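Everything below concerns the one structure shown next.
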Amino acid sequence: MSIQIHKVNESRIDEVDFDNLVFGHTFSDHMFQVAYRNGQWNQPEIVPFGKIEVYPSLSCLHYGQSIFEGLKAFRSVDGSINIFRLDKHIARMKNSCERMCIPTVDDELFREAVTSLVSLDRNWIPKARGSSLYIRPFIFASEDYIGVRVSEKYEFFVLTGPVSTYFKEGLSPVKLMTSEGYVRAVRGGLGEAKTAANYAASLLPAMVAQKRGFSQVLWLDALEGKYIDEVGTMNIAFIKDGALITPPLEGTILPGVTRDSVIQLAKKKGMRVEERRISIDEVMESVKEGSMTEVFGTGTAAVISPVGEIYHNGETVKINNFETGPFAKMFYDEITGIQYGEKEDTFGWITNIR
Ligand SMILES: *Cc1c(COP(=O)(O)O)cnc(C)c1O
């Protein structure tokens with residue numbers, strides 16, 4: 001079904017201060033929407049970004065049946081638009097839907113929704129290096145019913161908005177502390193779905209960590225509190241004896257698209273890649289003895305976020321002298337190079353719009 005487009009009468013773009021963008025606050029002129037009723041997705045539309053009217057009995061507000069994605073479009077050096085790894089995000093959203101009993105969206109409709117919306121609001125893609133158009137697809141249960149069961153109605157939206165680099169510090173290292181006393185996700189739970197509930201679980205521990213001067217929580221596994229999981233908005237990777245080590249996809253961590261991109265790049269560069277469990281004790285010890293030279297987070301928002309310090313159980317280790325290491329920089333340069341069209345896209349990661 002082709003998308004019906006209702007354009008704004010007047011763009012809001014002149015109200016936007018592109019030099020002082022705060023992540024998540026600014027939205028482009030239009031949004032995509034489609035409703036699921038009577039067992040199928042209805043007529044898809046692109047409409048002016050604006051309020052939606054709902055009843056307070058909206059089921060997702062009570063039981064959290066909602067999922068989302070996060071991806072980006074970049075202004076390529078030749079002036080065209082590059083969307084990064086659209087198909088991988090489409091596939092992941094499908095998995096999240098299945099875990100949360102949400103009806104899946106046809107791949108072709110999803111692709112068309114994103115490309116049409118980005119193309120229509122192309123003026124909103126910032127030009128400065130490091131900035132981009134953030135794309136936020138999401139689906140929520142929308143039945144007016146507060147009984148506990150799978151909803152029969154859903155809304156799928158796509159919003160877009162200009163963003164500059166995610167961390168104020170840019171590529172400068174962050175401090176993490178391990179998840180003392182809290183858990184985020186357990187095997188068999190929701191950890192591998194991109195769903196609101198995982199974030200709800202992480203807010204209090206993140207606030208505690210921030211009060212103590214850390215930017216985020218380094219989540220340890222929920223059963224033993226021994227193995228590294230992820231950082232809650234990012235996956236995590238380690239460089240030890242020149243090899244890339246990252247926790248395996250065993251159900252408790254989000255299968256990050258950036259994580260996958262880093263793994264593919266590392267393999268292409270001939271690095272040894274180990275997707276394996278790695279304990280916090282191994283990390284603390286190998287940083288101290290010098291074999292672990294870098295730690296960094298991977299995620300769409302920051303691409304690569306070097307970790308300069310880890311606090312665990314009363315002890316702090318400093319990594320690479322609190323400086324961005326050569327591998328973090330290499331992965332950052334390779335990925336952003338492809339995103340901005342400066343480097344050849346040998347992996348087929350880019351959906352280009354002219
Ligand atoms: C989105 C997300 C990530 C990062 O995934 P990318 O696809 O690389 O952006 C990591 N962890 C969690 C919990 C996430 O929700």
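Identifiers in the structure tokens: chain A, B, ... in order shown; residue index from 1 per chain; ligand index from 1 in order shown.
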
| query | Residues at most 12 Å from A:Leu117, counting only C-alpha atoms, excluding those fewer than 2 positions away in the same chain, as an MDAnalysis selection string? | reply | chainID A and resid 3:7 28:33 44:49 73 83 109:115 119:125 133:137 157:161 353

| message | If the limit is 6 Å from any atom of ligand 1, counting only C-alpha atoms and all ligand atoms, which residues qualify? Return them as number ranges by chain. | response | A: 194, 232-235, 254, 256-259, 298-300

| task | Go through A:Met177, A:Met207, A:Ala243, A:Met330 and flag the residue nearest A:Ile280, using only C-alpha atoms for the distances. | result | A:Met177

Per residue of stretch 119-158 of chain A within 12 Å of stretch 62-70 of chain A, which atom pair is closest and at what distance in Å (one decimal), using only C-alpha atoms, listed by chain and increasing number, as JSON lines?
{"residue": "A:Leu133", "atom": "CA", "partner": "A:Gly70", "partner_atom": "CA", "distance": 10.5}
{"residue": "A:Tyr134", "atom": "CA", "partner": "A:Gly70", "partner_atom": "CA", "distance": 7.0}
{"residue": "A:Ile135", "atom": "CA", "partner": "A:Gly70", "partner_atom": "CA", "distance": 5.7}
{"residue": "A:Arg136", "atom": "CA", "partner": "A:Gly70", "partner_atom": "CA", "distance": 5.0}
{"residue": "A:Pro137", "atom": "CA", "partner": "A:Glu69", "partner_atom": "CA", "distance": 5.3}
{"residue": "A:Phe138", "atom": "CA", "partner": "A:Phe68", "partner_atom": "CA", "distance": 4.0}
{"residue": "A:Ile139", "atom": "CA", "partner": "A:Ile67", "partner_atom": "CA", "distance": 5.5}
{"residue": "A:Phe140", "atom": "CA", "partner": "A:Ser66", "partner_atom": "CA", "distance": 4.2}
{"residue": "A:Ala141", "atom": "CA", "partner": "A:Gln65", "partner_atom": "CA", "distance": 5.7}
{"residue": "A:Ser142", "atom": "CA", "partner": "A:Gln65", "partner_atom": "CA", "distance": 9.1}
{"residue": "A:Glu143", "atom": "CA", "partner": "A:Gln65", "partner_atom": "CA", "distance": 10.7}
{"residue": "A:Asp144", "atom": "CA", "partner": "A:His62", "partner_atom": "CA", "distance": 10.5}
{"residue": "A:Tyr145", "atom": "CA", "partner": "A:His62", "partner_atom": "CA", "distance": 9.3}
{"residue": "A:Ile146", "atom": "CA", "partner": "A:His62", "partner_atom": "CA", "distance": 7.0}
{"residue": "A:Gly147", "atom": "CA", "partner": "A:His62", "partner_atom": "CA", "distance": 9.3}
{"residue": "A:Val148", "atom": "CA", "partner": "A:Tyr63", "partner_atom": "CA", "distance": 7.4}
{"residue": "A:Arg149", "atom": "CA", "partner": "A:Tyr63", "partner_atom": "CA", "distance": 9.0}
{"residue": "A:Val150", "atom": "CA", "partner": "A:Gln65", "partner_atom": "CA", "distance": 8.2}
{"residue": "A:Ser151", "atom": "CA", "partner": "A:Gln65", "partner_atom": "CA", "distance": 8.2}
{"residue": "A:Glu152", "atom": "CA", "partner": "A:Gln65", "partner_atom": "CA", "distance": 11.3}
{"residue": "A:Lys153", "atom": "CA", "partner": "A:Gln65", "partner_atom": "CA", "distance": 11.0}
{"residue": "A:Tyr154", "atom": "CA", "partner": "A:Ser66", "partner_atom": "CA", "distance": 9.1}
{"residue": "A:Glu155", "atom": "CA", "partner": "A:Ser66", "partner_atom": "CA", "distance": 9.7}
{"residue": "A:Phe156", "atom": "CA", "partner": "A:Phe68", "partner_atom": "CA", "distance": 9.4}
{"residue": "A:Phe157", "atom": "CA", "partner": "A:Phe68", "partner_atom": "CA", "distance": 9.4}
{"residue": "A:Val158", "atom": "CA", "partner": "A:Glu69", "partner_atom": "CA", "distance": 9.3}

Once you have the residues from the selection above, write them out as a PDB file, in the first residue's frame, restricted to C-alpha atoms.
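Saved result, result_11.pdb, follows:
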ATOM      1  CA  LEU A 133      19.418  12.872  11.425  1.00  0.00           C
ATOM      2  CA  TYR A 134      18.342  10.461  14.168  1.00  0.00           C
ATOM      3  CA  ILE A 135      15.519   8.124  13.111  1.00  0.00           C
ATOM      4  CA  ARG A 136      13.241   6.675  15.775  1.00  0.00           C
ATOM      5  CA  PRO A 137      10.785   3.979  14.639  1.00  0.00           C
ATOM      6  CA  PHE A 138       8.572   2.626  17.444  1.00  0.00           C
ATOM      7  CA  ILE A 139       5.457   0.523  17.961  1.00  0.00           C
ATOM      8  CA  PHE A 140       3.201   0.510  20.994  1.00  0.00           C
ATOM      9  CA  ALA A 141       0.062  -1.345  22.076  1.00  0.00           C
ATOM     10  CA  SER A 142      -2.875   1.014  21.802  1.00  0.00           C
ATOM     11  CA  GLU A 143      -5.949  -0.814  22.950  1.00  0.00           C
ATOM     12  CA  ASP A 144      -8.097   1.038  25.507  1.00  0.00           C
ATOM     13  CA  TYR A 145      -8.064  -1.838  27.916  1.00  0.00           C
ATOM     14  CA  ILE A 146      -6.344  -2.435  31.233  1.00  0.00           C
ATOM     15  CA  GLY A 147      -6.699  -6.188  31.438  1.00  0.00           C
ATOM     16  CA  VAL A 148      -3.447  -8.130  31.130  1.00  0.00           C
ATOM     17  CA  ARG A 149      -3.266  -9.728  27.718  1.00  0.00           C
ATOM     18  CA  VAL A 150      -1.736  -9.141  24.318  1.00  0.00           C
ATOM     19  CA  SER A 151      -3.244  -5.993  22.777  1.00  0.00           C
ATOM     20  CA  GLU A 152      -5.238  -6.162  19.568  1.00  0.00           C
ATOM     21  CA  LYS A 153      -4.394  -2.611  18.452  1.00  0.00           C
ATOM     22  CA  TYR A 154      -0.995  -1.028  17.747  1.00  0.00           C
ATOM     23  CA  GLU A 155       0.493   2.169  16.352  1.00  0.00           C
ATOM     24  CA  PHE A 156       3.741   2.272  14.382  1.00  0.00           C
ATOM     25  CA  PHE A 157       5.415   5.680  14.160  1.00  0.00           C
ATOM     26  CA  VAL A 158       8.673   6.938  12.734  1.00  0.00           C
TER      27      VAL A 158
END

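With only C-alpha atoms as the basis for measurement, A:Gly337 is the residue among A:Pro162, A:Gly50, A:Gly337, A:Pro255 that approaches A:Phe84 most closely.
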
May I have the residues within 12 Å of A:Asn313 as a compact mmCIF listing (two decimals) with N, CA and C atoms, in the first residue's frame, using only C-alpha atoms and disregarding those fewer than 5 positions away in the same chain?
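Output contents, as saved in result.txt:
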# COMPACT_ATOMS: atom_id res chain seq x y z
N MET A 177 30.80 2.47 36.22
CA MET A 177 30.87 1.64 37.42
C MET A 177 29.99 0.40 37.23
N THR A 178 30.40 -0.71 37.82
CA THR A 178 29.62 -1.94 37.65
C THR A 178 28.31 -1.85 38.44
N SER A 179 27.38 -2.72 38.06
CA SER A 179 26.01 -2.67 38.56
C SER A 179 25.88 -3.26 39.95
N GLU A 180 26.34 -2.56 40.95
CA GLU A 180 26.29 -3.08 42.33
C GLU A 180 24.86 -3.30 42.80
N GLY A 181 24.49 -4.55 42.97
CA GLY A 181 23.19 -4.83 43.58
C GLY A 181 22.00 -4.77 42.65
N GLY A 225 26.69 -12.13 38.66
CA GLY A 225 27.34 -10.83 38.84
C GLY A 225 28.82 -10.89 38.50
N LYS A 226 29.16 -11.72 37.53
CA LYS A 226 30.56 -12.05 37.26
C LYS A 226 31.01 -11.65 35.86
N ILE A 280 34.42 -9.69 34.90
CA ILE A 280 34.91 -8.39 35.39
C ILE A 280 36.30 -8.57 36.02
N ASP A 281 36.54 -9.75 36.64
CA ASP A 281 37.86 -9.98 37.23
C ASP A 281 38.94 -10.01 36.16
N MET A 284 39.58 -6.35 35.12
CA MET A 284 40.34 -5.58 36.10
C MET A 284 41.81 -6.04 36.11
